[in-house]
Amino acid sequence: MADKPAIGIEIRKLYKIFGPNAAEMVARVENGMTKTELNEKHGHVLGLRDINISMPAGGIQVIMGLSGSGKSTLIRHINRLIDPTSGEVVVGGEDVVKMNPDQLREFRRHQTAMVFQKFALLPHRNVLENTVYGLEVQGVDRASQVKSATMWLERVGLKGFEKKYPNQLSGGMQQRVGLARALANDAPILLMDEAFSALDPLIRVDMQTILLDLQKDIRKTIVFITHDLDEALRLGDRIAILRDGNMVQQGTGQDIVMNPADGYIQSFVEHVNRGKVIRVSTVMKQGGAGEGLASIASDALLDDAARQLIASNATHLQVTDAAGRPVGTVDMAAITRGIFPAGGGQI
Ligand SMILES: Nc1ncnc2c1ncn2[C@@H]1O[C@H](COP(=O)(O)OP(=O)(O)OP(=O)(O)O)[C@@H](O)[C@H]1O
Ligand SMILES: [Mg+2]
């Protein structure tokens with residue numbers, strides 16, 4: 001469905017300092033000056049320090065952190081709504097920081113689309129007219145605009161709502177319009193800054209499900225910001241955690257839950273439902289192919305393995321790799337140890 005190939009994003013040695021003499025402050029920050037010191041001694045705000053991330057092409061990269069940690073500052077560098085103090089933002093092999101105004105305009109229009117926390121729908125336009133907006137700006141002909149918008153509205157579950165106005169829709173429905181509008185752009189990169197944070201918990205989970213279902217087809221490079229760990233773990237192929245402008249840890253959800261880099265992240269992850277994060281491959285016993293057993297994929301989650309084991313009425317499940325080959329077995333004791341580790345952290 002995505003016509004354009006997925007493209008990766010490489011953030012390299014990115015620094016952002018807010019204030020009149022930002023460039024002069026980089027050396028101090030490089031030498032370890034903290035955000036508080038920089039503010040107190042020099043009246044500058046440390047936005048980001050030495051951020052390096054490889055965001056996978058066609059994957060969901062989550063950026064997590066508390067308020068003020070630098071999440072929005074980071075995502076706004078990707079379409080250069082913010083200029084870095086130093087560093088590179090390489091998208092599909094090209095450094096966005098070096099683009100001239102014309103190149104940047106083209107890049108923003110065709111390579112990126114944004115979904116905002118506050119929906120940002122135009123109140124005097126109906127749902128269809130809101131959804132075609134980006135295509136109108138791109139100068140796409142009207143028939144193609146309507147065709148694409150209608151298709152995406154259907155995909156997000158809004159068929160029949162085309163003529164409604166934003167104020168006639170619930171928050172969740174408005175955000176579906178926001179998502180359809182972004183997808184109609186057919187840009188390979190989707191930037192979502194706290195896009196679901198304003199929604200009620202159940203609606204929020206619905207929106208996550210819609211996004212995950214769509215992503216199976218669209219395979220866009222999605223940068224998704226949240227301060228919610230459950231949302232991060234559910235959506236993120238990779239998760240990066242920021243604190244006070246520093247990158248404190250990055251990896252898969254499982255990496256972070258199983259090996260939190262410090263006490264700060266430990267405190268984030270200790271209440272997580274590990275059955276929804278840890279994969280069968282982590283707890284299985286290698287080898288020992290079990291003839292006649294029900295099988296489960298090695299990348300399945302422990303919760304699903306437990307359910308399947310109960311349903312199969314056997315003591316073990318056969319674990320298979322992506323090609324369906326047997327690679328090991330798993331039993332309920334291993335699954336339970338994975339979900340409730342003895343030491344509280346490591347398995
Ligand atoms: N234009 C600016 N001028 C000065 N300081 C700024 C500016 N924009 C952001 N900051 C500061 O940079 C830091 C990071 O802000 P940012 O908005 O990126 O945080 P965030 O993680 O997105 O927070 P939130 O969860 O509240 O949205 C904060 O200390 C903020 O006050
Ligand atoms: Mg923010």
# chains A, B, ... in the order shown; residues from 1 in each chain; ligands from 1
call {"tool": "residues_around", "arguments": {"residues": "A:Lys4", "least_positions_apart": "5", "cutoff": "9 Å", "atoms": "only C-alpha atoms", "output": "list in words"}}
result
Asp186, Ala187 and Pro188 of chain A
call {"tool": "select_by_dssp", "arguments": {"residues": "stretch 233-343 of chain A", "states": "strand (DSSP E or B)", "output": "NGL selection string"}}
result
:A and (238-243 or 246-251 or 279 or 285-286 or 295-297 or 301 or 316-320 or 326-331)
call {"tool": "residues_around", "arguments": {"residues": "stretch 322-334 of chain A", "least_positions_apart": "3", "cutoff": "9 Å", "atoms": "only C-alpha atoms", "output": "number ranges by chain"}}
result
A: 280-281, 283-290, 295, 297-299, 305-306, 309-310, 314-319, 337-339
call {"tool": "residues_near_ligand", "arguments": {"ligand": "ligand 1", "cutoff": "7 Å", "atoms": "only C-alpha atoms and all ligand atoms", "output": "PyMOL selection string"}}
result
chain A and resi 18-19+45-47+65-74+227+245
call {"tool": "residues_around", "arguments": {"residues": "stretch 189-195 of chain A", "least_positions_apart": "3", "cutoff": "7 Å", "atoms": "only C-alpha atoms", "output": "count of residues only"}}
result
15
call {"tool": "decode", "arguments": {"residues": "stretch 69-111 of chain A", "atoms": "C-alpha atoms", "output": "PDB file, in the first residue's frame"}}
result
ATOM      1  CA  SER A  69      13.048  15.439  28.990  1.00  0.00           C
ATOM      2  CA  GLY A  70      13.435  16.614  25.365  1.00  0.00           C
ATOM      3  CA  LYS A  71      11.029  14.360  23.428  1.00  0.00           C
ATOM      4  CA  SER A  72       9.337  17.094  21.399  1.00  0.00           C
ATOM      5  CA  THR A  73      12.650  18.839  20.840  1.00  0.00           C
ATOM      6  CA  LEU A  74      14.009  15.619  19.368  1.00  0.00           C
ATOM      7  CA  ILE A  75      11.080  14.803  17.047  1.00  0.00           C
ATOM      8  CA  ARG A  76      10.998  18.394  15.772  1.00  0.00           C
ATOM      9  CA  HIS A  77      14.561  18.020  14.539  1.00  0.00           C
ATOM     10  CA  ILE A  78      13.461  15.285  12.148  1.00  0.00           C
ATOM     11  CA  ASN A  79      11.502  17.687   9.938  1.00  0.00           C
ATOM     12  CA  ARG A  80      13.658  20.574  11.138  1.00  0.00           C
ATOM     13  CA  LEU A  81      11.012  22.568  12.870  1.00  0.00           C
ATOM     14  CA  ILE A  82      13.996  23.036  15.190  1.00  0.00           C
ATOM     15  CA  ASP A  83      17.571  23.599  14.004  1.00  0.00           C
ATOM     16  CA  PRO A  84      20.165  21.712  16.023  1.00  0.00           C
ATOM     17  CA  THR A  85      22.985  23.493  17.802  1.00  0.00           C
ATOM     18  CA  SER A  86      25.191  20.765  16.333  1.00  0.00           C
ATOM     19  CA  GLY A  87      24.841  17.290  14.893  1.00  0.00           C
ATOM     20  CA  GLU A  88      23.247  15.461  11.976  1.00  0.00           C
ATOM     21  CA  VAL A  89      19.755  14.222  11.182  1.00  0.00           C
ATOM     22  CA  VAL A  90      20.196  11.875   8.245  1.00  0.00           C
ATOM     23  CA  VAL A  91      16.958  10.747   6.632  1.00  0.00           C
ATOM     24  CA  GLY A  92      17.202   8.286   3.761  1.00  0.00           C
ATOM     25  CA  GLY A  93      20.899   9.136   3.437  1.00  0.00           C
ATOM     26  CA  GLU A  94      20.431  12.915   3.349  1.00  0.00           C
ATOM     27  CA  ASP A  95      21.230  15.329   6.167  1.00  0.00           C
ATOM     28  CA  VAL A  96      18.100  17.383   6.836  1.00  0.00           C
ATOM     29  CA  VAL A  97      20.253  19.971   8.618  1.00  0.00           C
ATOM     30  CA  LYS A  98      22.045  20.804   5.354  1.00  0.00           C
ATOM     31  CA  MET A  99      18.933  21.185   3.182  1.00  0.00           C
ATOM     32  CA  ASN A 100      18.226  24.600   1.644  1.00  0.00           C
ATOM     33  CA  PRO A 101      14.731  26.099   2.054  1.00  0.00           C
ATOM     34  CA  ASP A 102      13.407  24.610  -1.211  1.00  0.00           C
ATOM     35  CA  GLN A 103      14.736  21.150  -0.442  1.00  0.00           C
ATOM     36  CA  LEU A 104      13.347  21.376   3.072  1.00  0.00           C
ATOM     37  CA  ARG A 105       9.894  22.347   1.826  1.00  0.00           C
ATOM     38  CA  GLU A 106       9.857  19.401  -0.579  1.00  0.00           C
ATOM     39  CA  PHE A 107      11.138  17.081   2.117  1.00  0.00           C
ATOM     40  CA  ARG A 108       8.484  18.135   4.620  1.00  0.00           C
ATOM     41  CA  ARG A 109       5.678  17.848   2.092  1.00  0.00           C
ATOM     42  CA  HIS A 110       6.539  14.513   0.564  1.00  0.00           C
ATOM     43  CA  GLN A 111       8.580  12.589   3.101  1.00  0.00           C
TER      44      GLN A 111
END
